[in-house]
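Notes follow once the structure below has been shown.
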There are 2 protein chains.
Amino acid sequence: MNPDTLKIYLEARKKIIDDALDRHLPGEDRYPPDIFKAVRYSLFAGGKRIRPILCMAAAEAVGGEIDPVLPVACALELIHTYSLIHDDLPAMDDDDYRRGMLTSHKVFGEGVAVLAGDALLTEAFRLMSERELMKNTPPETLLDVIREIAVAAGYFGMVGGQVVDLQSEGQAVDPDTLHYIHTHKTGAMIIVSVRAGALLSGAGDADVDALSLYGRHIGLAFQIADDILNVEGDRKMMGKGTGSDADRGKITYPALMGLDASREKAGKLVEEALSAISRFDDRVLPLRMIASYITERKM
Amino acid sequence: MNPDTLKIYLEARKKIIDDALDRHLPGEDRYPPDIFKAVRYSLFAGGKRIRPILCMAAAEAVGGEIDPVLPVACALELIHTYSLIHDDLPAMDDDDYRRGMLTSHKVFGEGVAVLAGDALLTEAFRLMSERELMKNTPPETLLDVIREIAVAAGYFGMVGGQVVDLQSEGQAVDPDTLHYIHTHKTGAMIIVSVRAGALLSGAGDADVDALSLYGRHIGLAFQIADDILNVEGDRKMMGKGTGSDADRGKITYPALMGLDASREKAGKLVEEALSAISRFDDRVLPLRMIASYITERKM
């Protein structure tokens, strides 16, 4: 694969998402100003839009279109952004910078940062329940997708993973706990991003199951690759200090099983992800490119 | 009105809500334990369940039943509880006690308290989107109700009010700002509680409008009554220190217009609320009792 192909694809998709986010969200001139500024500050802080891109790619993989899933794709990014703002708080990871920019609470204060996260999470559900925007989707299907996303974002998914991550800092963590953190803190939202794209496009059970399996494998592969980059990455490329996980006593795959075994594990997961979607036609090409990219990326 | 009638009614309704919350929420034995403990700790900390009770009473006022609106009524309480946990955080109101109990962050730590709020907000939308639980409601109506609740809870409603409240502490606040805080921080969710009950029961526009007006008036009346109680209330009755708003430089109606004018204003709002629902038959009696109770209550 030509690496430029994926780069051009990802940039074009990111632009579509950024435009939709800008269109669907209130401007910074609304009252009270700080909350709208804080929401847009974090939302347009250089995110790669992986979750919305996966959602759109899954829609296309099952023969669907991009436009009807865009509001839900945006909602996935709103939920991701809220989780980053709350993760960065002093009571959690206590990070001053993310992607080279000051974190929300450093700019707007802790109180507004908590509320900006709350607003983003709430806005995600507002956006998904706008029937006018989602008129191509049967309301029953939309409710099912909202429910799946709420489950993936809540205490049985992302929030659960975050709790265990928070309470494991500085502790001796076993492989099962590390697996729980990765599959819940990031994995659950990755899987539901793919599922939402497929479900909203009217995919059948077999296709949804295959794509879920793909999501499960790349979600974990992404996390292991992140852990590896955190250990060996370059400060400039990552936009934040590397080695920071080790510094704060966070457990990672490389710390637990070594760099080589971690690389091997990530590679195996990518293979399994590709195998899970081997039944699809060429419309699945973007999902194949994204999976392959995980173990090759340097940023 | 016999004051016992309302007391018995409110206690019976609170029991229905408490049972439904217990039934619809995961037990404390789930993993990771702290998040489920924290969620239940705050949820069962003695809340009066005003929002769910209003939702159910509005359903009955338009000829509907209680059971079909229960999951949404529970969701309103989940959202209210999340807002209290985040309000109490050190970065916000920094309260150690609420209703005589230690606040979430004092028991579970700040990180888990933030996440417990996040989980409750997410769970509210999970519960509302359970089609199996809401099968008596057309999915289109349910989506509209979810959207209205998200708007009322977000930056154009409750979160917006909280931002202005937070940023007004210790400042000279004008009447417009105080009005904005009260109508948004608490008013928006009170109105949508009544609206949701009516909409889910298939009420027509005229009934929904009348009940919205009722909600608007009692929402503000409740807040003014709270301000008055905060000034003159008894420590034991309120379960937290009184005069605490003044201590931290929070502006209140009594501080702005005096106690007598505040009492008069609350009384006038209650009259207007009763007038708004004068068109309904006897099924509106609980809503009438609740409105009258606002200016009479001592706790």
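A note on labels: chains of the structure tokens are A, B, ... as shown, every chain counts residues from 1, and ligands are counted from 1 in their shown order.
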Contact set, chain A to chain B: 9 Å, only C-alpha atoms, as a PyMOL selection string: chain A and resi 31-32+34-36+86-87+89-92+109-112+114-131+139-140+142-151+153-156+159-164+166-167
Filtered DSSP result for range 2-180 of chain B, state strand (DSSP E), as a list in words: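 Strand (DSSP E) assignments inside range 2-180 of chain B correspond to Tyr97, Arg98, Met101 and Leu102 of chain B.
Minimum atom-to-atom distance to Met257 in chain A, evaluated using only C-alpha atoms, belongs to A:Asp227 out of A:Met101, A:Phe108, A:Asp227, A:Asp95.
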Residue nearest Ser104 in chain A among A:Ile50, A:Leu43, A:Met56, A:Val62 (counting only C-alpha atoms):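 So, comparing all the options, the nearest one is A:Leu43.
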Nearest candidate to Leu285 in chain A (options A:Val107, A:Leu10, A:Ala57, A:Ile181; using only C-alpha atoms): A:Ala57
